[in-house]
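Heads up, coords01.pdb below (PDB, C-alpha atoms, pLDDT in the B column):
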ATOM      1  CA  MET A 973      -6.811  38.278 -38.630  1.00 45.00           C
ATOM      2  CA  ALA A 974      -5.172  35.637 -36.518  1.00 45.00           C
ATOM      3  CA  VAL A 975      -7.491  33.203 -34.762  1.00 45.00           C
ATOM      4  CA  ILE A 976      -6.750  32.715 -31.094  1.00 49.00           C
ATOM      5  CA  GLY A 977      -6.508  29.002 -30.465  1.00 44.00           C
ATOM      6  CA  ARG A 978      -8.279  27.306 -27.583  1.00 46.00           C
ATOM      7  CA  PRO A 979      -6.106  25.891 -24.794  1.00 51.00           C
ATOM      8  CA  ARG A 980      -5.152  22.296 -25.513  1.00 54.00           C
ATOM      9  CA  GLU A 981      -7.433  19.883 -23.706  1.00 71.00           C
ATOM     10  CA  PHE A 982      -5.878  17.093 -21.659  1.00 77.00           C
ATOM     11  CA  ASP A 983      -6.994  13.893 -20.004  1.00 89.00           C
ATOM     12  CA  ARG A 984      -7.334  14.810 -16.352  1.00 90.00           C
ATOM     13  CA  ASP A 985      -7.056  11.236 -15.070  1.00 90.00           C
ATOM     14  CA  LEU A 986      -3.976  10.424 -17.153  1.00 93.00           C
ATOM     15  CA  ALA A 987      -2.304  13.625 -16.008  1.00 95.00           C
ATOM     16  CA  LEU A 988      -3.146  12.787 -12.391  1.00 94.00           C
ATOM     17  CA  GLU A 989      -1.682   9.308 -12.869  1.00 91.00           C
ATOM     18  CA  ALA A 990       1.551  10.861 -14.148  1.00 93.00           C
ATOM     19  CA  ALA A 991       1.675  13.232 -11.172  1.00 94.00           C
ATOM     20  CA  MET A 992       1.047  10.347  -8.767  1.00 91.00           C
ATOM     21  CA  ARG A 993       3.963   8.336 -10.129  1.00 89.00           C
ATOM     22  CA  LEU A 994       6.269  11.361 -10.028  1.00 91.00           C
ATOM     23  CA  PHE A 995       5.381  12.066  -6.388  1.00 90.00           C
ATOM     24  CA  TRP A 996       5.849   8.360  -5.703  1.00 84.00           C
ATOM     25  CA  ARG A 997       9.320   8.370  -7.220  1.00 83.00           C
ATOM     26  CA  LYS A 998      10.653  11.726  -5.978  1.00 84.00           C
ATOM     27  CA  GLY A 999       8.549  12.530  -2.922  1.00 84.00           C
ATOM     28  CA  PHE A1000       6.585  15.709  -2.225  1.00 88.00           C
ATOM     29  CA  SER A1001       9.433  18.056  -1.335  1.00 86.00           C
ATOM     30  CA  ALA A1002      11.714  17.174  -4.258  1.00 88.00           C
ATOM     31  CA  THR A1003       8.947  17.497  -6.848  1.00 91.00           C
ATOM     32  CA  SER A1004       8.600  20.949  -8.374  1.00 95.00           C
ATOM     33  CA  ILE A1005       5.734  22.479 -10.312  1.00 96.00           C
ATOM     34  CA  SER A1006       7.908  22.474 -13.428  1.00 96.00           C
ATOM     35  CA  ASP A1007       8.576  18.739 -12.905  1.00 97.00           C
ATOM     36  CA  LEU A1008       4.855  18.123 -12.619  1.00 97.00           C
ATOM     37  CA  CYS A1009       4.015  20.188 -15.690  1.00 96.00           C
ATOM     38  CA  GLU A1010       6.583  18.254 -17.701  1.00 96.00           C
ATOM     39  CA  VAL A1011       5.261  14.781 -16.878  1.00 95.00           C
ATOM     40  CA  MET A1012       1.620  15.880 -16.978  1.00 95.00           C
ATOM     41  CA  GLU A1013       2.205  17.679 -20.300  1.00 93.00           C
ATOM     42  CA  ILE A1014       0.354  20.806 -19.228  1.00 94.00           C
ATOM     43  CA  LYS A1015       1.184  24.423 -18.458  1.00 94.00           C
ATOM     44  CA  PRO A1016       1.202  25.841 -14.913  1.00 95.00           C
ATOM     45  CA  PRO A1017      -2.082  27.776 -15.392  1.00 94.00           C
ATOM     46  CA  SER A1018      -3.831  24.554 -16.450  1.00 93.00           C
ATOM     47  CA  LEU A1019      -2.376  22.688 -13.481  1.00 95.00           C
ATOM     48  CA  TYR A1020      -3.549  25.280 -10.977  1.00 95.00           C
ATOM     49  CA  ALA A1021      -6.969  25.558 -12.621  1.00 94.00           C
ATOM     50  CA  ALA A1022      -7.560  21.799 -12.667  1.00 93.00           C
ATOM     51  CA  TYR A1023      -5.942  20.657  -9.415  1.00 95.00           C
ATOM     52  CA  GLY A1024      -5.105  23.668  -7.255  1.00 94.00           C
ATOM     53  CA  ASN A1025      -1.624  24.071  -5.756  1.00 95.00           C
ATOM     54  CA  LYS A1026       1.022  21.359  -5.314  1.00 94.00           C
ATOM     55  CA  GLU A1027      -0.339  20.343  -1.928  1.00 94.00           C
ATOM     56  CA  ALA A1028      -3.850  19.900  -3.321  1.00 95.00           C
ATOM     57  CA  LEU A1029      -2.466  17.920  -6.258  1.00 96.00           C
ATOM     58  CA  TYR A1030      -0.570  15.600  -3.918  1.00 92.00           C
ATOM     59  CA  LEU A1031      -3.748  14.936  -1.925  1.00 91.00           C
ATOM     60  CA  GLN A1032      -5.555  14.052  -5.152  1.00 94.00           C
ATOM     61  CA  ALA A1033      -2.647  11.839  -6.215  1.00 92.00           C
ATOM     62  CA  VAL A1034      -2.818   9.897  -2.944  1.00 88.00           C
ATOM     63  CA  GLU A1035      -6.583   9.513  -3.332  1.00 89.00           C
ATOM     64  CA  HIS A1036      -6.074   8.329  -6.910  1.00 90.00           C
ATOM     65  CA  TYR A1037      -3.559   5.743  -5.678  1.00 85.00           C
ATOM     66  CA  ALA A1038      -6.012   4.536  -3.022  1.00 84.00           C
ATOM     67  CA  GLN A1039      -8.825   4.123  -5.554  1.00 87.00           C
ATOM     68  CA  THR A1040      -6.744   2.355  -8.214  1.00 85.00           C
ATOM     69  CA  LEU A1041      -3.616   0.430  -7.231  1.00 81.00           C
ATOM     70  CA  GLY A1042      -4.459   0.496  -3.540  1.00 81.00           C
ATOM     71  CA  ALA A1043      -7.986  -0.842  -4.005  1.00 84.00           C
ATOM     72  CA  THR A1044      -6.789  -3.680  -6.243  1.00 83.00           C
ATOM     73  CA  PHE A1045      -4.017  -4.490  -3.811  1.00 82.00           C
ATOM     74  CA  TRP A1046      -6.206  -4.639  -0.690  1.00 88.00           C
ATOM     75  CA  ALA A1047      -8.896  -6.673  -2.459  1.00 90.00           C
ATOM     76  CA  ARG A1048      -6.462  -9.578  -2.134  1.00 91.00           C
ATOM     77  CA  LEU A1049      -7.257  -9.710   1.573  1.00 92.00           C
ATOM     78  CA  GLU A1050     -10.539 -11.388   0.610  1.00 89.00           C
ATOM     79  CA  ASP A1051      -8.834 -14.029  -1.556  1.00 84.00           C
ATOM     80  CA  GLY A1052      -9.295 -17.647  -0.583  1.00 81.00           C
ATOM     81  CA  GLY A1053     -11.639 -19.056   1.986  1.00 86.00           C
ATOM     82  CA  THR A1054      -9.675 -18.096   5.083  1.00 94.00           C
ATOM     83  CA  ALA A1055      -8.063 -15.019   6.594  1.00 96.00           C
ATOM     84  CA  ARG A1056      -4.699 -16.750   6.455  1.00 96.00           C
ATOM     85  CA  GLN A1057      -5.040 -17.312   2.713  1.00 95.00           C
ATOM     86  CA  GLY A1058      -6.119 -13.697   2.274  1.00 95.00           C
ATOM     87  CA  VAL A1059      -3.161 -12.304   4.207  1.00 96.00           C
ATOM     88  CA  GLU A1060      -0.714 -14.523   2.347  1.00 95.00           C
ATOM     89  CA  SER A1061      -2.223 -13.419  -0.972  1.00 93.00           C
ATOM     90  CA  LEU A1062      -1.923  -9.792   0.132  1.00 92.00           C
ATOM     91  CA  LEU A1063       1.745 -10.179   1.061  1.00 93.00           C
ATOM     92  CA  LEU A1064       2.596 -12.077  -2.116  1.00 90.00           C
ATOM     93  CA  GLY A1065       0.745  -9.432  -4.102  1.00 86.00           C
ATOM     94  CA  ALA A1066       2.858  -6.813  -2.372  1.00 83.00           C
ATOM     95  CA  THR A1067       5.980  -8.685  -3.452  1.00 83.00           C
ATOM     96  CA  ASP A1068       4.882  -8.342  -7.076  1.00 78.00           C
ATOM     97  CA  CYS A1069       3.441  -4.838  -6.866  1.00 73.00           C
ATOM     98  CA  PHE A1070       6.297  -3.265  -4.940  1.00 74.00           C
ATOM     99  CA  LEU A1071       8.796  -4.539  -7.499  1.00 71.00           C
ATOM    100  CA  ILE A1072       7.271  -5.121 -10.911  1.00 61.00           C
ATOM    101  CA  CYS A1073       4.131  -2.999 -11.299  1.00 58.00           C
ATOM    102  CA  GLU A1074       4.383  -1.210 -14.634  1.00 50.00           C
ATOM    103  CA  ASN A1075       6.368   2.023 -14.215  1.00 54.00           C
ATOM    104  CA  SER A1076       6.325   1.539 -10.448  1.00 59.00           C
ATOM    105  CA  PRO A1077       9.045   3.452  -8.578  1.00 58.00           C
ATOM    106  CA  GLY A1078       9.126   0.638  -6.010  1.00 58.00           C
ATOM    107  CA  GLY A1079       7.520   0.339  -2.616  1.00 60.00           C
ATOM    108  CA  CYS A1080       4.162   1.907  -1.832  1.00 67.00           C
ATOM    109  CA  LEU A1081       3.190   5.567  -2.124  1.00 69.00           C
ATOM    110  CA  MET A1082       1.203   5.728   1.115  1.00 65.00           C
ATOM    111  CA  MET A1083       3.567   3.557   3.131  1.00 63.00           C
ATOM    112  CA  LEU A1084       6.665   5.471   2.054  1.00 60.00           C
ATOM    113  CA  GLY A1085       5.159   8.932   1.679  1.00 58.00           C
ATOM    114  CA  ALA A1086       6.000  10.213   5.148  1.00 53.00           C
ATOM    115  CA  VAL A1087       8.974   8.005   5.943  1.00 53.00           C
ATOM    116  CA  SER A1088      11.589   9.902   3.948  1.00 52.00           C
ATOM    117  CA  ASP A1089       9.808  13.166   3.159  1.00 57.00           C
ATOM    118  CA  GLU A1090       8.774  16.337   4.930  1.00 71.00           C
ATOM    119  CA  LEU A1091       5.062  16.781   4.323  1.00 76.00           C
ATOM    120  CA  PRO A1092       2.698  19.659   5.088  1.00 84.00           C
ATOM    121  CA  ALA A1093       0.446  18.994   8.070  1.00 85.00           C
ATOM    122  CA  LEU A1094      -2.701  18.424   5.988  1.00 86.00           C
ATOM    123  CA  ILE A1095      -0.984  15.847   3.802  1.00 85.00           C
ATOM    124  CA  MET A1096       0.615  14.166   6.802  1.00 85.00           C
ATOM    125  CA  GLU A1097      -2.803  13.746   8.403  1.00 86.00           C
ATOM    126  CA  MET A1098      -4.196  12.182   5.226  1.00 84.00           C
ATOM    127  CA  VAL A1099      -1.283   9.753   4.947  1.00 82.00           C
ATOM    128  CA  LYS A1100      -1.618   8.823   8.628  1.00 84.00           C
ATOM    129  CA  LYS A1101      -5.338   8.174   8.141  1.00 87.00           C
ATOM    130  CA  ALA A1102      -4.622   6.010   5.101  1.00 85.00           C
ATOM    131  CA  ARG A1103      -2.195   3.939   7.147  1.00 86.00           C
ATOM    132  CA  ALA A1104      -4.679   3.660   9.993  1.00 91.00           C
ATOM    133  CA  ASP A1105      -7.270   2.449   7.480  1.00 91.00           C
ATOM    134  CA  MET A1106      -4.898  -0.390   6.563  1.00 91.00           C
ATOM    135  CA  ILE A1107      -4.962  -1.564  10.167  1.00 95.00           C
ATOM    136  CA  VAL A1108      -8.757  -1.300  10.219  1.00 96.00           C
ATOM    137  CA  SER A1109      -9.052  -3.399   7.038  1.00 94.00           C
ATOM    138  CA  MET A1110      -6.785  -6.063   8.498  1.00 96.00           C
ATOM    139  CA  SER A1111      -8.604  -5.940  11.836  1.00 97.00           C
ATOM    140  CA  ASN A1112     -12.030  -6.365  10.225  1.00 96.00           C
ATOM    141  CA  ARG A1113     -10.815  -9.470   8.401  1.00 96.00           C
ATOM    142  CA  PHE A1114      -9.352 -10.944  11.589  1.00 97.00           C
ATOM    143  CA  HIS A1115     -12.514 -10.256  13.606  1.00 97.00           C
ATOM    144  CA  ARG A1116     -14.445 -12.263  11.006  1.00 96.00           C
ATOM    145  CA  ALA A1117     -11.875 -15.037  11.289  1.00 96.00           C
ATOM    146  CA  VAL A1118     -12.400 -15.132  15.059  1.00 97.00           C
ATOM    147  CA  ALA A1119     -16.182 -15.227  14.593  1.00 96.00           C
ATOM    148  CA  ASP A1120     -15.808 -18.072  12.074  1.00 95.00           C
ATOM    149  CA  GLY A1121     -13.592 -20.053  14.434  1.00 94.00           C
ATOM    150  CA  GLU A1122     -10.541 -19.807  12.197  1.00 95.00           C
ATOM    151  CA  LEU A1123      -8.646 -17.815  14.828  1.00 96.00           C
ATOM    152  CA  PRO A1124      -8.846 -18.519  18.576  1.00 95.00           C
ATOM    153  CA  ALA A1125     -11.330 -16.399  20.504  1.00 94.00           C
ATOM    154  CA  ALA A1126      -8.469 -15.055  22.617  1.00 95.00           C
ATOM    155  CA  THR A1127      -6.602 -13.678  19.573  1.00 95.00           C
ATOM    156  CA  ASP A1128      -5.364 -10.111  20.089  1.00 97.00           C
ATOM    157  CA  VAL A1129      -6.793  -8.830  16.812  1.00 97.00           C
ATOM    158  CA  ASP A1130      -5.352  -5.335  17.128  1.00 97.00           C
ATOM    159  CA  ARG A1131      -1.845  -6.634  17.772  1.00 97.00           C
ATOM    160  CA  LEU A1132      -2.056  -9.140  14.919  1.00 97.00           C
ATOM    161  CA  SER A1133      -3.343  -6.450  12.548  1.00 97.00           C
ATOM    162  CA  ARG A1134      -0.545  -4.061  13.432  1.00 97.00           C
ATOM    163  CA  LEU A1135       2.013  -6.831  13.051  1.00 97.00           C
ATOM    164  CA  PHE A1136       1.071  -7.643   9.464  1.00 97.00           C
ATOM    165  CA  VAL A1137       0.705  -3.978   8.477  1.00 94.00           C
ATOM    166  CA  CYS A1138       4.193  -3.375   9.904  1.00 93.00           C
ATOM    167  CA  ILE A1139       5.445  -6.277   7.791  1.00 94.00           C
ATOM    168  CA  LEU A1140       3.904  -4.635   4.718  1.00 91.00           C
ATOM    169  CA  HIS A1141       5.591  -1.340   5.594  1.00 89.00           C
ATOM    170  CA  GLY A1142       8.924  -3.096   5.975  1.00 90.00           C
ATOM    171  CA  MET A1143       8.527  -4.859   2.638  1.00 89.00           C
ATOM    172  CA  ALA A1144       7.829  -1.501   0.973  1.00 84.00           C
ATOM    173  CA  VAL A1145      11.041  -0.048   2.380  1.00 83.00           C
ATOM    174  CA  GLN A1146      13.008  -3.160   1.398  1.00 86.00           C
ATOM    175  CA  ALA A1147      11.639  -2.938  -2.154  1.00 82.00           C
ATOM    176  CA  ARG A1148      12.591   0.734  -2.436  1.00 78.00           C
ATOM    177  CA  ASP A1149      16.092  -0.168  -1.193  1.00 81.00           C
ATOM    178  CA  GLY A1150      16.516  -2.741  -3.954  1.00 82.00           C
ATOM    179  CA  ALA A1151      15.473  -6.056  -2.410  1.00 84.00           C
ATOM    180  CA  ARG A1152      14.965  -8.828  -4.954  1.00 87.00           C
ATOM    181  CA  GLN A1153      11.694 -10.678  -5.435  1.00 87.00           C
ATOM    182  CA  ASN A1154      12.992 -13.907  -3.883  1.00 90.00           C
ATOM    183  CA  GLU A1155      14.122 -11.940  -0.826  1.00 92.00           C
ATOM    184  CA  LEU A1156      10.677 -10.422  -0.350  1.00 91.00           C
ATOM    185  CA  ALA A1157       9.096 -13.839  -0.926  1.00 92.00           C
ATOM    186  CA  GLY A1158      11.290 -15.137   1.886  1.00 94.00           C
ATOM    187  CA  LEU A1159       9.943 -12.406   4.136  1.00 93.00           C
ATOM    188  CA  VAL A1160       6.406 -13.506   3.289  1.00 94.00           C
ATOM    189  CA  GLU A1161       7.230 -17.080   4.261  1.00 95.00           C
ATOM    190  CA  ALA A1162       8.751 -15.900   7.537  1.00 95.00           C
ATOM    191  CA  ALA A1163       5.776 -13.632   8.206  1.00 96.00           C
ATOM    192  CA  MET A1164       3.256 -16.417   7.707  1.00 96.00           C
ATOM    193  CA  SER A1165       5.134 -18.568  10.216  1.00 95.00           C
ATOM    194  CA  LEU A1166       3.970 -16.013  12.810  1.00 94.00           C
ATOM    195  CA  TRP A1167       0.323 -16.899  12.197  1.00 95.00           C
ATOM    196  CA  PRO A1168      -1.434 -17.865  15.461  1.00 92.00           C
ATOM    197  CA  GLY A1169      -1.018 -21.582  16.051  1.00 78.00           C
ATOM    198  CA  GLN A1170       1.393 -21.951  13.142  1.00 66.00           C
ATOM    199  CA  SER A1171       4.297 -22.924  15.382  1.00 49.00           C
ATOM    200  CA  THR A1172       2.420 -25.978  16.577  1.00 39.00           C
ATOM    201  CA  VAL A1173       1.371 -27.182  13.150  1.00 35.00           C
ATOM    202  CA  ASN A1174       2.814 -30.563  12.184  1.00 37.00           C
ATOM    203  CA  GLN A1175       4.534 -30.966  15.549  1.00 39.00           C
ATOM    204  CA  PRO A1176       4.127 -34.465  17.018  1.00 38.00           C
ATOM    205  CA  ARG A1177       1.719 -34.730  19.889  1.00 37.00           C
ATOM    206  CA  GLU A1178       2.946 -35.984  23.213  1.00 43.00           C
ATOM    207  CA  ALA A1179       2.677 -39.750  23.295  1.00 41.00           C
ATOM    208  CA  GLU A1180      -0.178 -41.047  25.370  1.00 41.00           C
ATOM    209  CA  LYS A1181       0.903 -43.099  28.342  1.00 42.00           C
ATOM    210  CA  CYS A1182      -0.313 -46.648  28.399  1.00 40.00           C
ATOM    211  CA  PRO A1183      -2.048 -47.669  31.592  1.00 42.00           C
ATOM    212  CA  ALA A1184       0.150 -49.716  33.890  1.00 40.00           C
TER     213      ALA A1184
END
Starting from the coordinates I provided, produce the structure as structure tokens.
Amino acid sequence: MAVIGRPREFDRDLALEAAMRLFWRKGFSATSISDLCEVMEIKPPSLYAAYGNKEALYLQAVEHYAQTLGATFWARLEDGGTARQGVESLLLGATDCFLICENSPGGCLMMLGAVSDELPALIMEMVKKARADMIVSMSNRFHRAVADGELPAATDVDRLSRLFVCILHGMAVQARDGARQNELAGLVEAAMSLWPGQSTVNQPREAEKCPA
């Protein structure tokens, strides 16, 4: 009598990682269930049982990205003793991550996810929230910098936060389009020149007039 074998077990996290990178490379719309099953090395019934439908799997893939690569990436904002050092570290880290992370398709999953893809409403809302959270993270760091006296009290924190997040978004698009590392590094240098007060650094002060 033939023995019915048990379904092959799989590593759920490794399979989710594979799905995340496929979505990252191809986008939501262009990724099929058969594509996902191939890279995840599972059958459709196992996929649906473990993750739900494609939309649910994409949501889990984005969450996985946020908790792994995203968390490591944004931790750089706390590098160094100042907000400026943290932002520069974040941007330089983006230069490396967007281009040379192992098996990385280039760019950033959450930054690029809704730029060139048609997403279901639920996914679009999650991606929008993730992007808004980036602004909040930047804003929190800048508010501390104002409180510490590193940034002027009159600094428009919201505007500054949106500026640097926009720069990150642009770098992600440039990386996906094939920009080289030195080109992205040049963008970082240009971006840091926009730091409040940076334009006046090292400029000679007006000579004091001697009394007559």
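Minimum atom-to-atom distances from A:Arg997, A:Arg1056, A:Arg984, A:Lys1101 to Met1164 (chain A) were compared using all atoms listed in the file, and the lowest value belongs to A:Arg1056.
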Pick from A:Val1129, A:Tyr1037, A:Ser1004, A:Pro1016, whichever lies nearest to Ala1117 (chain A) using all atoms listed in the file: A:Val1129
Two-atom distance - CA of Leu1062 (chain A), CA of Arg1048 (chain A) (Å): 5.1 Å
Contacts of Phe995 (chain A) at 10 Å (only C-alpha atoms; same-chain gap of 2+ positions) as a ChimeraX atom specification: /A:989-993,997-1004,1007-1008,1029-1030,1033-1034,1077,1081,1085
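Between CA of Val1011 (chain A) and CA of Gly1065 (chain A) the interatomic distance comes to 27.7 Å.
You can rank A:Ala1055, A:Ala1151, A:Leu1091, A:Ala1162 by their closest distance to Met1110 (chain A) using all atoms listed in the file, and at the top of that list sits A:Ala1055.
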Sel. within 10 Å of pt (-3.6, 22.7, -15.2), counting only C-alpha atoms, output as a VMD selection string: chain A and resid 981 to 982 984 987 1008 to 1009 1012 to 1025
